[in-house]
Every structure is written in structure tokens, then in C-alpha cells.
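Okay, upload.csv is below, CSV, C-alpha atoms:
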```csv
chain,number,residue,atom,x,y,z
A,1,MET,CA,58.0,-23.4,21.7
A,2,ASP,CA,61.4,-24.1,20.4
A,3,TRP,CA,64.4,-23.2,22.7
A,4,MET,CA,66.7,-22.1,19.9
A,5,LEU,CA,64.0,-20.0,18.2
A,6,CYS,CA,63.2,-18.2,21.5
A,7,VAL,CA,66.9,-17.6,22.3
A,8,ARG,CA,67.5,-16.2,18.8
A,9,SER,CA,64.5,-13.9,19.3
A,10,PHE,CA,65.8,-12.7,22.7
A,11,ILE,CA,69.2,-11.9,21.2
A,12,LYS,CA,67.6,-9.9,18.4
A,13,VAL,CA,65.5,-7.9,20.8
A,14,VAL,CA,68.6,-7.0,22.7
A,15,GLU,CA,70.6,-6.1,19.6
A,16,GLU,CA,67.7,-4.1,17.9
A,17,GLY,CA,66.5,-2.5,21.1
A,18,SER,CA,62.8,-3.3,20.4
A,19,PHE,CA,60.4,-6.1,19.8
A,20,ASN,CA,59.3,-4.6,16.5
A,21,GLY,CA,62.9,-4.2,15.3
A,22,ALA,CA,63.6,-7.8,16.2
A,23,ALA,CA,60.4,-8.9,14.5
A,24,TYR,CA,61.5,-7.1,11.3
A,25,GLN,CA,64.8,-8.9,11.3
A,26,LEU,CA,63.2,-12.3,12.0
A,27,ASN,CA,60.4,-11.7,9.4
A,28,THR,CA,57.6,-12.2,12.0
A,29,SER,CA,55.4,-10.1,14.2
A,30,GLY,CA,56.2,-8.1,17.4
A,31,SER,CA,53.7,-10.1,19.3
A,32,ALA,CA,55.3,-13.4,18.2
A,33,VAL,CA,58.7,-12.2,19.4
A,34,SER,CA,57.2,-11.0,22.7
A,35,LYS,CA,55.6,-14.5,23.3
A,36,ARG,CA,58.9,-16.2,22.6
A,37,VAL,CA,60.8,-14.0,25.1
A,38,ASN,CA,58.0,-14.5,27.7
A,39,TRP,CA,58.3,-18.3,27.2
A,40,LEU,CA,62.1,-18.1,27.5
A,41,GLU,CA,61.8,-16.1,30.8
A,42,GLU,CA,59.4,-18.7,32.2
A,43,ARG,CA,61.6,-21.6,31.3
A,44,VAL,CA,64.8,-19.9,32.7
A,45,GLY,CA,62.9,-18.7,35.8
A,46,VAL,CA,64.2,-15.1,35.9
A,47,GLN,CA,63.3,-11.8,34.2
A,48,LEU,CA,65.7,-11.2,31.3
A,49,LEU,CA,64.3,-7.8,30.1
A,50,LYS,CA,63.0,-4.7,31.8
A,51,ARG,CA,60.2,-3.3,29.7
A,52,THR,CA,58.8,0.2,29.8
A,53,THR,CA,56.7,2.2,27.3
A,54,ARG,CA,59.8,3.9,26.1
A,55,SER,CA,62.7,1.4,26.3
A,56,ILE,CA,63.8,-2.2,26.8
A,57,ASP,CA,66.8,-2.9,29.0
A,58,GLN,CA,68.5,-6.0,30.1
A,59,THR,CA,68.4,-7.2,33.7
A,60,GLU,CA,71.7,-8.4,35.2
A,61,ALA,CA,70.6,-11.9,34.5
A,62,GLY,CA,69.6,-10.8,31.0
A,63,GLN,CA,73.1,-9.4,30.3
A,64,LEU,CA,74.7,-12.7,31.3
A,65,PHE,CA,72.2,-14.8,29.3
A,66,TYR,CA,72.7,-12.6,26.2
A,67,GLN,CA,76.5,-12.9,26.3
A,68,ARG,CA,76.6,-16.6,26.9
A,69,SER,CA,73.7,-17.5,24.6
A,70,ARG,CA,75.2,-15.4,21.7
A,71,LEU,CA,78.5,-17.2,22.1
A,72,GLN,CA,76.8,-20.6,22.3
A,73,LEU,CA,74.7,-20.0,19.2
A,74,ASP,CA,77.8,-18.8,17.3
A,75,GLN,CA,79.6,-22.0,18.3
A,76,TRP,CA,76.6,-24.1,17.3
A,77,GLN,CA,76.4,-22.5,13.9
A,78,SER,CA,80.2,-23.0,13.5
A,79,LEU,CA,79.7,-26.7,14.3
A,80,VAL,CA,76.9,-27.1,11.8
A,81,ASP,CA,79.0,-25.3,9.1
A,82,GLU,CA,82.0,-27.4,10.0
A,83,ALA,CA,80.1,-30.7,9.7
A,84,ARG,CA,78.7,-29.6,6.3
A,85,SER,CA,82.2,-28.7,5.1
A,86,ILE,CA,83.9,-32.1,5.9
A,87,HIS,CA,83.1,-33.5,2.4
A,88,GLN,CA,82.3,-30.2,0.7
A,89,THR,CA,83.8,-26.8,0.1
A,90,PRO,CA,84.4,-24.9,3.4
A,91,ALA,CA,81.4,-22.8,4.2
A,92,GLY,CA,80.0,-20.4,6.9
A,93,ILE,CA,81.0,-17.1,8.4
A,94,LEU,CA,84.7,-16.6,9.1
A,95,LYS,CA,85.1,-13.9,11.9
A,96,ILE,CA,88.5,-12.2,11.5
A,97,GLY,CA,89.8,-9.9,14.2
A,98,ALA,CA,92.5,-7.2,13.7
A,99,THR,CA,93.4,-3.7,14.7
A,100,ILE,CA,92.1,-1.0,12.3
A,101,ALA,CA,95.5,-0.6,10.7
A,102,VAL,CA,96.0,-4.3,10.1
A,103,GLY,CA,92.5,-4.8,9.0
A,104,SER,CA,92.3,-1.9,6.5
A,105,LYS,CA,95.8,-1.9,5.2
A,106,PHE,CA,96.8,-5.5,5.3
A,107,ILE,CA,94.1,-8.1,5.5
A,108,VAL,CA,91.5,-6.5,3.2
A,109,LYS,CA,93.8,-6.6,0.1
A,110,TYR,CA,93.9,-10.5,0.4
A,111,LEU,CA,90.2,-11.1,0.9
A,112,ASP,CA,88.9,-10.7,-2.6
A,113,ASP,CA,91.0,-13.6,-4.0
A,114,PHE,CA,90.3,-15.7,-0.9
A,115,LEU,CA,86.6,-15.3,-1.2
A,116,ARG,CA,86.8,-16.1,-4.9
A,117,ALA,CA,88.6,-19.3,-4.0
A,118,TYR,CA,86.1,-20.2,-1.3
A,119,PRO,CA,82.7,-18.8,-2.5
A,120,LYS,CA,80.7,-20.4,0.3
A,121,ILE,CA,82.7,-18.6,3.0
A,122,LYS,CA,81.6,-15.2,4.2
A,123,VAL,CA,84.0,-12.9,6.1
A,124,GLN,CA,83.1,-10.6,9.0
A,125,LEU,CA,86.1,-8.3,9.9
A,126,LEU,CA,86.0,-7.1,13.5
A,127,THR,CA,88.4,-4.4,14.5
A,128,THR,CA,90.0,-3.8,17.9
A,129,LEU,CA,92.2,-1.1,19.5
A,130,PRO,CA,96.0,-1.6,19.5
A,131,GLY,CA,97.0,-4.0,22.3
A,132,GLN,CA,93.3,-5.0,22.9
A,133,MET,CA,92.8,-8.7,23.4
A,134,PRO,CA,90.6,-10.5,20.8
A,135,GLU,CA,87.0,-11.4,21.7
A,136,ASN,CA,86.5,-15.1,22.3
A,137,TYR,CA,84.0,-15.4,19.5
A,138,VAL,CA,86.6,-14.4,16.8
A,139,ASP,CA,87.7,-17.4,14.6
A,140,VAL,CA,91.1,-15.9,13.9
A,141,PHE,CA,92.9,-12.8,15.2
A,142,ILE,CA,95.8,-11.2,13.2
A,143,SER,CA,98.2,-9.2,15.3
A,144,ARG,CA,101.7,-8.5,16.2
A,145,GLU,CA,103.0,-11.0,18.8
A,146,LEU,CA,100.9,-10.7,22.0
A,147,GLU,CA,103.0,-11.8,25.0
A,148,GLN,CA,100.1,-11.5,27.4
A,149,LEU,CA,97.8,-13.8,25.4
A,150,ASN,CA,96.8,-17.0,27.3
A,151,SER,CA,98.6,-19.8,25.4
A,152,HIS,CA,96.1,-22.4,26.8
A,153,SER,CA,93.1,-20.6,25.2
A,154,TYR,CA,94.7,-19.7,21.9
A,155,LYS,CA,97.1,-21.3,19.4
A,156,SER,CA,99.3,-19.1,17.2
A,157,VAL,CA,100.9,-19.4,13.8
A,158,SER,CA,103.7,-17.0,12.8
A,159,LEU,CA,102.9,-15.3,9.5
A,160,PHE,CA,105.9,-13.1,8.9
A,161,GLU,CA,108.6,-11.0,10.6
A,162,ASN,CA,107.6,-7.3,10.6
A,163,HIS,CA,109.7,-4.2,11.1
A,164,ALA,CA,109.1,-0.4,10.7
A,165,GLU,CA,110.9,2.0,8.4
A,166,PHE,CA,111.0,5.7,7.9
A,167,PHE,CA,108.9,7.4,5.2
A,168,ALA,CA,108.1,10.9,4.1
A,169,SER,CA,106.4,12.7,1.2
A,170,PRO,CA,108.6,14.2,-1.5
A,171,SER,CA,107.1,17.6,-0.7
A,172,TYR,CA,108.2,17.4,2.9
A,173,LEU,CA,111.7,16.3,2.0
A,174,GLN,CA,112.0,19.1,-0.6
A,175,LYS,CA,111.0,21.7,2.0
A,176,TYR,CA,113.0,20.4,5.0
A,177,GLY,CA,115.7,18.3,3.5
A,178,VAL,CA,116.5,14.6,3.6
A,179,PRO,CA,117.9,13.2,7.0
A,180,GLY,CA,121.3,11.6,6.4
A,181,THR,CA,121.6,10.0,9.9
A,182,THR,CA,119.4,9.0,12.8
A,183,CYS,CA,120.7,12.0,14.7
A,184,ASP,CA,119.2,14.3,12.0
A,185,LEU,CA,115.8,13.0,12.9
A,186,GLU,CA,116.0,15.2,16.0
A,187,HIS,CA,115.7,18.2,13.7
A,188,HIS,CA,112.6,16.9,11.8
A,189,ASN,CA,109.0,16.7,12.8
A,190,MET,CA,108.0,13.1,13.4
A,191,LEU,CA,104.5,11.8,13.1
A,192,ILE,CA,103.9,9.6,16.2
A,193,TRP,CA,101.8,6.5,16.6
A,194,GLY,CA,100.5,6.7,20.1
A,195,GLU,CA,98.7,9.0,22.6
A,196,ARG,CA,101.6,11.3,23.2
A,197,PRO,CA,103.8,13.3,20.7
A,198,VAL,CA,106.9,11.5,21.9
A,199,ARG,CA,108.1,7.9,21.5
A,200,GLU,CA,111.2,6.0,22.2
A,201,VAL,CA,112.2,3.3,19.7
A,202,LYS,CA,115.0,0.8,19.4
A,203,LEU,CA,116.7,0.7,16.0
A,204,SER,CA,118.2,-2.2,14.1
A,205,THR,CA,121.7,-0.8,15.1
A,206,GLY,CA,120.9,-1.4,18.7
A,207,LYS,CA,120.7,2.4,19.4
A,208,ARG,CA,117.6,3.9,21.1
A,209,ILE,CA,116.3,7.2,19.9
A,210,THR,CA,113.4,9.4,21.0
A,211,LEU,CA,111.1,10.6,18.2
A,212,ARG,CA,109.2,13.9,18.8
A,213,GLY,CA,106.6,15.7,16.8
A,214,ASN,CA,103.6,18.0,16.8
A,215,PHE,CA,101.1,15.3,15.8
A,216,ALA,CA,100.3,12.0,17.6
A,217,THR,CA,97.3,9.7,17.0
A,218,THR,CA,96.2,6.0,17.4
A,219,ASN,CA,94.2,6.5,14.2
A,220,PRO,CA,96.3,4.9,11.4
A,221,GLU,CA,94.4,6.5,8.5
A,222,ALA,CA,95.0,10.0,10.0
A,223,LEU,CA,98.7,9.2,10.5
A,224,PHE,CA,99.1,8.0,6.9
A,225,TYR,CA,97.2,10.9,5.5
A,226,GLY,CA,99.3,13.3,7.5
A,227,ALA,CA,102.5,11.8,6.1
A,228,LYS,CA,101.1,12.1,2.5
A,229,CYS,CA,100.3,15.7,3.1
A,230,GLY,CA,103.9,16.5,4.1
A,231,MET,CA,103.3,17.0,7.9
A,232,GLY,CA,106.4,15.0,8.9
A,233,ILE,CA,108.3,11.8,8.8
A,234,LEU,CA,106.5,8.6,9.6
A,235,LEU,CA,107.8,5.3,11.1
A,236,ALA,CA,105.6,2.5,9.8
A,237,SER,CA,105.6,-0.9,8.3
A,238,ARG,CA,106.2,-1.1,4.5
A,239,ARG,CA,103.3,-3.6,4.2
A,240,MET,CA,100.9,-0.9,5.5
A,241,LEU,CA,102.1,1.7,3.0
A,242,GLN,CA,102.6,-0.4,-0.1
A,243,ASP,CA,100.0,1.5,-2.2
A,244,VAL,CA,101.3,5.0,-1.5
A,245,ILE,CA,104.9,3.9,-1.9
A,246,GLU,CA,104.2,2.5,-5.3
A,247,SER,CA,102.3,5.7,-6.3
A,248,GLY,CA,105.3,7.8,-5.2
A,249,GLU,CA,103.3,9.6,-2.5
A,250,LEU,CA,105.7,8.5,0.2
A,251,VAL,CA,109.4,7.6,-0.2
A,252,GLN,CA,111.8,5.9,2.2
A,253,VAL,CA,114.4,7.8,4.1
A,254,LEU,CA,117.4,6.2,6.0
A,255,PRO,CA,116.8,2.9,4.1
A,256,GLU,CA,119.5,1.1,6.0
A,257,ILE,CA,117.7,1.7,9.4
A,258,THR,CA,114.7,-0.3,10.7
A,259,ALA,CA,113.0,-0.5,14.0
A,260,ASP,CA,110.2,-2.1,16.0
A,261,HIS,CA,111.0,-5.7,15.0
A,262,ARG,CA,108.2,-8.1,15.9
A,263,SER,CA,106.4,-11.2,14.5
A,264,VAL,CA,102.9,-11.0,13.1
A,265,CYS,CA,100.9,-14.0,14.0
A,266,ALA,CA,97.5,-15.5,13.4
A,267,TYR,CA,95.8,-16.5,16.7
A,268,TYR,CA,92.8,-18.9,16.9
A,269,PRO,CA,90.9,-20.4,19.8
A,270,THR,CA,92.0,-23.8,21.2
A,271,LEU,CA,89.0,-26.0,20.5
A,272,GLU,CA,88.3,-29.7,20.4
A,273,TYR,CA,87.9,-29.4,16.6
A,274,GLU,CA,89.5,-26.9,14.3
A,275,HIS,CA,87.4,-25.0,11.8
A,276,THR,CA,88.2,-25.9,8.3
A,277,ARG,CA,87.5,-22.3,7.1
A,278,THR,CA,90.0,-20.9,9.7
A,279,GLN,CA,92.7,-23.3,8.6
A,280,VAL,CA,92.2,-22.7,4.9
A,281,PHE,CA,92.4,-18.9,5.5
A,282,ILE,CA,95.6,-19.2,7.5
A,283,LYS,CA,97.1,-21.5,4.9
A,284,TYR,CA,96.0,-19.1,2.1
A,285,LEU,CA,97.5,-16.1,3.9
A,286,LYS,CA,100.8,-17.8,4.6
A,287,GLU,CA,101.1,-18.9,0.9
A,288,LYS,CA,100.3,-15.4,-0.3
A,289,LEU,CA,102.9,-13.8,2.0
A,290,HIS,CA,105.6,-16.3,1.1
A,291,SER,CA,105.1,-15.6,-2.6
A,292,GLU,CA,105.5,-11.9,-2.2
```
Can you dump the structure from the file as C-alpha cells?
Amino acid sequence: MDWMLCVRSFIKVVEEGSFNGAAYQLNTSGSAVSKRVNWLEERVGVQLLKRTTRSIDQTEAGQLFYQRSRLQLDQWQSLVDEARSIHQTPAGILKIGATIAVGSKFIVKYLDDFLRAYPKIKVQLLTTLPGQMPENYVDVFISRELEQLNSHSYKSVSLFENHAEFFASPSYLQKYGVPGTTCDLEHHNMLIWGERPVREVKLSTGKRITLRGNFATTNPEALFYGAKCGMGILLASRRMLQDVIESGELVQVLPEITADHRSVCAYYPTLEYEHTRTQVFIKYLKEKLHSE
């Protein structure tokens, strides 16, 4: 038996939840997959899976083995892809991590041109919750500056300085009026990014104000849709709203005021070797942002 083949089979069984499902993905038979897992358990010396007639579950040892072996196989494949890319076009899977908002409203619009420029690279976009730390198998993580990130485990590259501005739909402004000062915002319904319908922000003037409204969510698409429908005034990054600003669905209010100033960075793991595909993506992204 081959160690790597058996480990891959075990990983597939865990991910598919059955031997037949794993066999289908591996283009083999369920009995072949079962033999590989049995061989692996014999060599490791512990039971990795608990089998019943209705389900397959991981043992405690199996959970540990799955997590570590998946990471090791990903790193091995990255090493193979990297070695192949030294004198050739960068190739392999580039795993990009980002929050839902950054992934759907920022990164995606740059991917088509990038993949055309590097046709041997495939992108897997993995989303996280706001403030959630990236998984260690992500090649590059795009996020606002993370102060709590371990600087020994990750390197960072600043992409651009980001700030938030106030936007609303023409229908909302026609119905409720256009705020002329930040004090006027107290009389308007604010759409709040967060878990509570109240949020304190520091403005570019140095003043702190409290935003209140009847709708709060951590779902960016719901928040942007609410603003387009005229539910209230939204505080958000212009980069996230570029398409609806250009279409006229949202317009800026209080254009001289900004808030929430932070850097947006690309984070990537500190490794003995740096993936070519990671470096070309970061370089491409910086060049695109600089030209805009």
C-alpha cells in the first residue's frame, strides 16, 4: 500500500461521510477505499474511524489525524506546484481568505483578469466572519489590519488605506431630506454594520458620534440591499459600493466626512519558501489598486 494514497482516501471518507462517496470521488470502489483505511489504521496503530451500519464518525485520534494530514497534503501539493513553477508559469491552487464583504465586493472583480494572466493557477476563495483569524492552510488572507495576528506566523503587505463614507439612495433622501451636518444624522435612520442597532464611530474631524437605526446585520449583502431600497443611510467603504454608486442607486452624503480609517493588508504564512503564485497575486493586486 502507498502511504499517500491511503491518507488521501481517509481524508475523502471523512469529507464525504461514507466509503462509497469517497470511492466515487477517487474513481475506485468502496471496498478498495475500505482496505486503504484499514491499512492506514494498522500502520498508525490506532482506530481512526468509528463505523456503524448507518454512519461513519471520527475517533479523537481520527480528528487529529485528519486535521494534520490535510494540512500536510496541502503543503506537499504546494511544494510540488512551486517546484514546477520555478522555470515555468506559476501553477496550482491559490487559496485566498477574506470576509464575505471583501471577497464578494472587492476581490472577485480582480480575479478574472488575474486568471487570464496566469491560466495555470486556480483560485479557491474561502470566506471568514469579520474579525475571525485566517485558517493556517490559506495562502493569502485579505483583511483590514489585524492587530492580534501573530507576526511570527504571518507576514503582511499593505495594499491601500481604507475609510468609510456615508451613502444613501436617492429615494431615501427625497423622502427624508439630505443631512447637512453630522448632527443631522441623529434624525436619520442609520443602517448598522454589527450585531446591535447602535454603533459609535470616530470621524475624520476627530469627533465621535453614535449611529442608531432600526436595522443591524453582519451580512454585507443584506446591508447594501437595504441601503439601495431606501431603508436608511449606510456607512461603508466606497470600494465595496463602486458598482451601485456608478449606477446611481446610491449617492454620497456629507462628502467631506469620513470615518473608520484603517489599512487593508494581504497576510500570508511565514514559510521557508514563498509560493510564487501568492507573490504574483499580491503584486498584481497592488498594481491594480495603484492604477485606480
**Request:** Give the answer as one residue: which of A:Arg8, A:Glu287, A:Ala23, A:Glu161 has the shortest atom-to-atom distance to A:Gln77, using only C-alpha atoms?
**Result:**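 Using only C-alpha atoms, A:Gln77 sits closest to A:Arg8.
Using all atoms listed in the file, the shortest contact distance between A:Gln63 and any of A:Leu191, A:Leu115, A:Leu49, A:Val37 is found at A:Leu49.
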May I have a table of the residues of stretch 256-288 of chain A lying at most 10 Å from stretch 228-239 of chain A, giving each one's closest pair of atoms and their distance in Å to one decimal, counting all atoms listed in the file, ordered by chain and ascending residue number, as CSV?
```
residue,atom,partner,partner_atom,distance
A:Thr258,CA,A:Leu235,CA,8.9
A:Ala259,CA,A:Leu235,CA,8.3
A:Asp260,CA,A:Ala236,CA,9.0
A:His261,CA,A:Ser237,CA,9.9
```
**Message:** At a cut-off of 10 Å around the point (84.9, -10.9, 6.1) (file coordinates), what residues fall inside when counting only C-alpha atoms? I'd like the answer as a list of chain:residue names.
**Reply:**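 Counting only C-alpha atoms, I find these residues within 10 Å of (84.9, -10.9, 6.1): A:Ile93, A:Leu94, A:Lys95, A:Ile96, A:Gly97, A:Ile107, A:Val108, A:Leu111, A:Asp112, A:Leu115, A:Ile121, A:Lys122, A:Val123, A:Gln124, A:Leu125, A:Leu126.
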Atoms kept (C-alpha atoms) for selection, written as a compact mmCIF listing (two decimals), keeping the file's coordinate frame:
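This went into again.txt:
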```
# COMPACT_ATOMS: atom_id res chain seq x y z
CA ILE A 93 81.00 -17.10 8.40
CA LEU A 94 84.70 -16.60 9.10
CA LYS A 95 85.10 -13.90 11.90
CA ILE A 96 88.50 -12.20 11.50
CA GLY A 97 89.80 -9.90 14.20
CA ILE A 107 94.10 -8.10 5.50
CA VAL A 108 91.50 -6.50 3.20
CA LEU A 111 90.20 -11.10 0.90
CA ASP A 112 88.90 -10.70 -2.60
CA LEU A 115 86.60 -15.30 -1.20
CA ILE A 121 82.70 -18.60 3.00
CA LYS A 122 81.60 -15.20 4.20
CA VAL A 123 84.00 -12.90 6.10
CA GLN A 124 83.10 -10.60 9.00
CA LEU A 125 86.10 -8.30 9.90
CA LEU A 126 86.00 -7.10 13.50
```
**Asked** What lies within 9 Å of A:Thr182 using all atoms listed in the file, ignoring chain neighbours under 2 positions off, as a PyMOL selection string?
**Response** chain A and resi 179-180+184-186+209+254+257
**Request:** Identify, on the basis of only C-alpha atoms, every residue whose closest approach to A:Ala101 does not exceed 10 Å; exclude the query and any residue fewer than 5 positions from it along the same chain; express the result as a PyMOL selection string.
**Result:** chain A and resi 106-107+127-130+218-221+240
Selection from above, C-alpha atoms, as a PDB file, in the coordinates of the input, can you write it?
```
ATOM      1  CA  PHE A 106      96.800  -5.500   5.300  1.00  0.00           C
ATOM      2  CA  ILE A 107      94.100  -8.100   5.500  1.00  0.00           C
ATOM      3  CA  THR A 127      88.400  -4.400  14.500  1.00  0.00           C
ATOM      4  CA  THR A 128      90.000  -3.800  17.900  1.00  0.00           C
ATOM      5  CA  LEU A 129      92.200  -1.100  19.500  1.00  0.00           C
ATOM      6  CA  PRO A 130      96.000  -1.600  19.500  1.00  0.00           C
ATOM      7  CA  THR A 218      96.200   6.000  17.400  1.00  0.00           C
ATOM      8  CA  ASN A 219      94.200   6.500  14.200  1.00  0.00           C
ATOM      9  CA  PRO A 220      96.300   4.900  11.400  1.00  0.00           C
ATOM     10  CA  GLU A 221      94.400   6.500   8.500  1.00  0.00           C
ATOM     11  CA  MET A 240     100.900  -0.900   5.500  1.00  0.00           C
TER      12      MET A 240
END
```
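For the pair atom CA of A:Phe166 and atom CA of A:Met190, the separation is 9.7 Å.
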**Request:** Give me the residues within 6 Å of A:Thr270 as an MDAnalysis selection string, counting all atoms listed in the file and dropping any in the same chain fewer than 4 places off.
**Result:** chainID A and resid 153:155
**Request:** Could you tell me which of A:Asp74, A:Glu165, A:Asp113, A:Asp139 comes closest to A:Ala98 if we count all atoms listed in the file?
**Result:** A:Asp139
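The space separating atom CA of A:Pro197 from atom CA of A:Leu223 comes to 12.1 Å.
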**Message:** Let me make sure I understand: among A:His152, A:Lys35, A:Asp243, A:Leu159, which one has the smallest atom-to-atom distance to A:Phe224 if we use all atoms listed in the file?
**Reply:** A:Asp243
**Prompt:** Using all atoms listed in the file, which residues sit within 9 Å of A:Tyr66 once same-chain residues fewer than 6 positions away are excluded, as a list in words?
**Reply:** Val7, Phe10, Ile11, Val14, Leu48 and Gln58 of chain A
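Taking atom CA of A:Val33 and atom CA of A:Val80 as the two end points, the separation is 24.7 Å.
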